[in-house]
Amino acid sequence: MSDATNFSETISAGAASAGARPAAAASPDAAGTAGHAYGRRPQHPNKLLTEVGAGTPMGELLRRYWQPVALSAEVTDLPRKVHILGEELVLFRDRKGRAGLLYPRCMHRGTSLFYGRIEEEGIRCCYHGWLFDTQGRCLDQPCEPDHGRHRDQARQPWYPVEERYGLVFAYLGPPERKPVLPRYDILENVGPDEELYSNIGGFGSTGDPSLDVVPYSWLHMNDNVMDPFHVHVLHSTFTGPQFAAGFLVMPTVDFFYADHGVCYSAHRRLEDGREMKRISTWLMPNIMSVPTIDLLEGSGNMISWVVPVSDSSYRQAMVMKLPRGLGPLTGIRLNGKLWGEMTEEDHQRTPGDYEAQMGQGPISLHSEEHLVTSDRGIIMQRRMLQKQCEIVAGGGNPAGVEFSPDKALVKIRSGNFYAR
Ligand code: FES
Ligand SMILES: [Fe+2]
């Protein structure tokens, strides 16, 4: 669908679905009271897009895709808590090297497997010693006759996991709809001078790897990726260039639906006369590939997932293909400081993505938004998410989900491209 032909319809439909009011009031302001704050109406988030628990439309949509839950290197013989999509889980690796993701309350009498002990075949509960494998099968009940004559019938709730690109992915959806774990062309074929660097936490919003959980809705960051205009303002003209100087140029932007997502193509004529086209990609339902912010020529090198922890928090996982020896990344500094080292005044004087998005609140009040022409990429994303929620609720499979291994490879269009 071309946004050029559907733009008006897209704006009106998107604004209506978000409950937005018209951007400009036409009535004269003879009394000088127009816009007065007193008596304004209560406002509310778009629940359909922001609620992620099991049984909610968006929660069920997100559960139909593999979601990264941890770095593979973090999964050791010490169980770790995983909080995702409003669920508390426990992740571990048995001594055979298999990762397992279980509901944490032991099915016997409910203590947490977070305090369990890792063994060759699984995790043993600390309280009465029931042993569970990575798929929740109960292998031992040491206090029972014959170590539990009926232990085969016991099953601790579990989710499947797979590992790729240095991340552990989990599938939290209906088992009969489990898709193949995707591959991304830009992360494949790692050369001898390259390596994959993976990260999970708040690096994407702060440039600081020390932040683990970002305390606001996943949708704020999801909106951000189809918002090339904030790169020109927030990251460039507002405080001076935070990325490359080329972003100081206001782009002309095309948004278009592609494959199972939305892309933008931002065109700029740089000061040195070169024409640059920057293509950024968002894929259903929470996946993005942003090209390098140094504007170096070439295809994108990064895939990222904005994974909700709860309705009002998320962790962002990312995998980058980098020259060997460059990682792990130590962080991006503004005026010599990492985000976590900045004072409140620093945050005010040099706001970045975190400040802009945190400023929207834990969950934005979408009913009071005034979506305009520069928001059309966001509108297209939200419409696609809404439509796919309806497809899932109707029993269908959402866009971008594949079941055959030979369809696992996803082609990514992102990159910085220069005219010759
Ligand atoms: S509570 Fe886990 S074995 Fe008893
Ligand atoms: Fe940004």
# chains A, B, ... in the order shown; residues from 1 in each chain; ligands from 1

$ residues_around --residues "Phe247 in chain A" --least-positions-apart "2" --cutoff "10 Å" --atoms "only C-alpha atoms" --output "NGL selection string"
:A and (228-233 or 235-237 or 241-245 or 249-251 or 268 or 270 or 293-295)

$ closest_atom_pairs --of "chain A" --to "ligand 2" --cutoff "9 Å" --atoms "only C-alpha atoms and all ligand atoms" --output "tab-separated table"
residue	atom	partner	partner_atom_place_in_ligand_line	distance
A:Gly204	CA	ligand 2	1 (Fe)	8.5
A:Ser205	CA	ligand 2	1 (Fe)	7.2
A:Met221	CA	ligand 2	1 (Fe)	8.5
A:Asn224	CA	ligand 2	1 (Fe)	6.4
A:Val225	CA	ligand 2	1 (Fe)	7.3
A:Asp227	CA	ligand 2	1 (Fe)	8.1
A:Pro228	CA	ligand 2	1 (Fe)	8.2
A:His230	CA	ligand 2	1 (Fe)	6.5
A:Val231	CA	ligand 2	1 (Fe)	5.7
A:Leu234	CA	ligand 2	1 (Fe)	7.3
A:His235	CA	ligand 2	1 (Fe)	6.6
A:Gly352	CA	ligand 2	1 (Fe)	6.7
A:Asp353	CA	ligand 2	1 (Fe)	4.8
A:Tyr354	CA	ligand 2	1 (Fe)	8.4
A:Ala356	CA	ligand 2	1 (Fe)	8.8

$ closest_atom_pairs --of "chain A" --to "ligand 1" --cutoff "7 Å" --atoms "only C-alpha atoms and all ligand atoms" --output "tab-separated table"
residue	atom	partner	partner_atom_place_in_ligand_line	distance
A:Cys106	CA	ligand 1	2 (Fe)	4.6
A:Met107	CA	ligand 1	2 (Fe)	6.5
A:His108	CA	ligand 1	4 (Fe)	4.7
A:Arg109	CA	ligand 1	1 (S)	4.0
A:Gly110	CA	ligand 1	1 (S)	4.9
A:Thr111	CA	ligand 1	1 (S)	4.8
A:Cys125	CA	ligand 1	2 (Fe)	4.7
A:Cys126	CA	ligand 1	2 (Fe)	6.4
A:Tyr127	CA	ligand 1	4 (Fe)	4.8
A:His128	CA	ligand 1	3 (S)	3.8
A:Gly129	CA	ligand 1	3 (S)	4.8
A:Trp130	CA	ligand 1	3 (S)	4.4

$ write_last_selection --atoms "C-alpha atoms" --output "mmCIF file, in the first residue's frame"
data_model
loop_
_atom_site.group_PDB
_atom_site.id
_atom_site.type_symbol
_atom_site.label_atom_id
_atom_site.label_comp_id
_atom_site.auth_asym_id
_atom_site.auth_seq_id
_atom_site.Cartn_x
_atom_site.Cartn_y
_atom_site.Cartn_z
ATOM 1 C CA CYS A 106 7.034 -25.487 42.012
ATOM 2 C CA MET A 107 3.996 -27.635 41.255
ATOM 3 C CA HIS A 108 4.426 -29.530 44.537
ATOM 4 C CA ARG A 109 3.787 -26.781 47.082
ATOM 5 C CA GLY A 110 4.736 -23.612 45.324
ATOM 6 C CA THR A 111 8.175 -22.478 46.343
ATOM 7 C CA CYS A 125 13.477 -27.687 43.846
ATOM 8 C CA CYS A 126 15.128 -26.645 47.092
ATOM 9 C CA TYR A 127 12.152 -27.539 49.306
ATOM 10 C CA HIS A 128 11.469 -31.267 48.830
ATOM 11 C CA GLY A 129 13.765 -32.001 45.932
ATOM 12 C CA TRP A 130 11.460 -32.569 42.996
#

$ closest_residue --among "A:Gly122, A:Gly240, A:Gly298, A:Pro179" --to "Leu139 in chain A" --atoms "only C-alpha atoms"
A:Gly122

$ residues_around --residues "Pro308 in chain A" --least-positions-apart "2" --cutoff "7 Å" --atoms "only C-alpha atoms" --output "list in words"
Ile84, Leu85, Trp218, Val306, Ser310, Asp311, Ser313, Tyr314 and Arg315 of chain A

$ residues_around --residues "Asn335 in chain A" --least-positions-apart "5" --cutoff "12 Å" --atoms "only C-alpha atoms" --output "list in words"
Thr239, Gly240, Pro241, Gln242, Glu341, Met342, Thr343, Asp346, His347, Arg349, Thr350 and Pro351 of chain A

$ residues_around --residues "Gly148 in chain A" --least-positions-apart "2" --cutoff "12 Å" --atoms "only C-alpha atoms" --output "NGL selection string"
:A and (108 or 129-131 or 138-146 or 150-154)

$ select_by_dssp --residues "range 68-257 of chain A" --states "alpha helix (DSSP H)" --output "PDB file with N, CA and C atoms, in the first residue's frame"
ATOM      1  N   PHE A 203      20.042  -0.214  26.566  1.00  0.00           N
ATOM      2  CA  PHE A 203      21.049   0.432  25.716  1.00  0.00           C
ATOM      3  C   PHE A 203      20.401   1.207  24.572  1.00  0.00           C
ATOM      4  N   GLY A 204      19.346   0.645  23.990  1.00  0.00           N
ATOM      5  CA  GLY A 204      18.721   1.273  22.826  1.00  0.00           C
ATOM      6  C   GLY A 204      18.107   2.624  23.119  1.00  0.00           C
ATOM      7  N   SER A 205      17.676   2.869  24.337  1.00  0.00           N
ATOM      8  CA  SER A 205      17.050   4.154  24.651  1.00  0.00           C
ATOM      9  C   SER A 205      18.012   5.128  25.317  1.00  0.00           C
ATOM     10  N   THR A 206      19.128   4.620  25.857  1.00  0.00           N
ATOM     11  CA  THR A 206      20.030   5.495  26.617  1.00  0.00           C
ATOM     12  C   THR A 206      21.460   5.504  26.099  1.00  0.00           C
ATOM     13  N   TRP A 218       6.398  -0.423  26.051  1.00  0.00           N
ATOM     14  CA  TRP A 218       7.130  -0.855  24.859  1.00  0.00           C
ATOM     15  C   TRP A 218       6.720  -0.050  23.629  1.00  0.00           C
ATOM     16  N   LEU A 219       5.437   0.436  23.613  1.00  0.00           N
ATOM     17  CA  LEU A 219       4.939   1.119  22.423  1.00  0.00           C
ATOM     18  C   LEU A 219       5.665   2.445  22.187  1.00  0.00           C
ATOM     19  N   HIS A 220       6.179   3.061  23.243  1.00  0.00           N
ATOM     20  CA  HIS A 220       6.913   4.313  23.058  1.00  0.00           C
ATOM     21  C   HIS A 220       8.122   4.080  22.151  1.00  0.00           C
ATOM     22  N   MET A 221       8.866   3.023  22.440  1.00  0.00           N
ATOM     23  CA  MET A 221      10.043   2.739  21.607  1.00  0.00           C
ATOM     24  C   MET A 221       9.634   2.182  20.253  1.00  0.00           C
ATOM     25  N   ASN A 222       8.543   1.427  20.229  1.00  0.00           N
ATOM     26  CA  ASN A 222       8.081   0.893  18.958  1.00  0.00           C
ATOM     27  C   ASN A 222       7.659   2.029  18.019  1.00  0.00           C
ATOM     28  N   ASP A 223       6.969   3.037  18.556  1.00  0.00           N
ATOM     29  CA  ASP A 223       6.612   4.224  17.761  1.00  0.00           C
ATOM     30  C   ASP A 223       7.868   4.931  17.251  1.00  0.00           C
ATOM     31  N   ASN A 224       8.861   4.996  18.109  1.00  0.00           N
ATOM     32  CA  ASN A 224      10.062   5.790  17.849  1.00  0.00           C
ATOM     33  C   ASN A 224      10.781   5.377  16.564  1.00  0.00           C
ATOM     34  N   VAL A 225      10.694   4.090  16.234  1.00  0.00           N
ATOM     35  CA  VAL A 225      11.503   3.602  15.110  1.00  0.00           C
ATOM     36  C   VAL A 225      10.977   4.090  13.766  1.00  0.00           C
ATOM     37  N   PRO A 228      11.344   9.269  11.791  1.00  0.00           N
ATOM     38  CA  PRO A 228      12.637   9.850  11.390  1.00  0.00           C
ATOM     39  C   PRO A 228      12.756  11.331  11.725  1.00  0.00           C
ATOM     40  N   PHE A 229      11.634  11.972  11.971  1.00  0.00           N
ATOM     41  CA  PHE A 229      11.696  13.416  12.232  1.00  0.00           C
ATOM     42  C   PHE A 229      12.263  13.718  13.616  1.00  0.00           C
ATOM     43  N   HIS A 230      12.072  12.798  14.559  1.00  0.00           N
ATOM     44  CA  HIS A 230      12.663  13.054  15.876  1.00  0.00           C
ATOM     45  C   HIS A 230      14.194  12.977  15.809  1.00  0.00           C
ATOM     46  N   VAL A 231      14.711  12.236  14.830  1.00  0.00           N
ATOM     47  CA  VAL A 231      16.177  12.169  14.691  1.00  0.00           C
ATOM     48  C   VAL A 231      16.714  13.544  14.312  1.00  0.00           C
ATOM     49  N   HIS A 232      15.961  14.244  13.468  1.00  0.00           N
ATOM     50  CA  HIS A 232      16.363  15.598  13.069  1.00  0.00           C
ATOM     51  C   HIS A 232      16.255  16.578  14.239  1.00  0.00           C
TER      52      HIS A 232
END

$ select_by_dssp --residues "range 64-154 of chain A" --states "strand (DSSP E)" --output "PyMOL selection string"
chain A and resi 67-71+80-84+87-93+99-102+117-118+123-124+131-132+138-140

$ residues_around --residues "Met284 in chain A" --least-positions-apart "4" --cutoff "8 Å" --atoms "only C-alpha atoms" --output "compact mmCIF listing (two decimals) with C-alpha atoms, in the first residue's frame"
# COMPACT_ATOMS: atom_id res chain seq x y z
CA HIS A 260 5.32 -7.83 7.13
CA GLY A 261 6.17 -4.38 8.41
CA LEU A 385 -0.75 -4.08 14.80
CA ALA A 399 1.88 -11.58 9.41
CA GLY A 400 5.51 -12.62 9.39

$ atom_distance --atom1 "CA of Gly394 in chain A" --atom2 "CA of Leu61 in chain A"
11.4 Å

$ closest_residue --among "A:Met58, A:Val168, A:Met276, A:Val75" --to "Ile391 in chain A" --atoms "only C-alpha atoms"
A:Met58
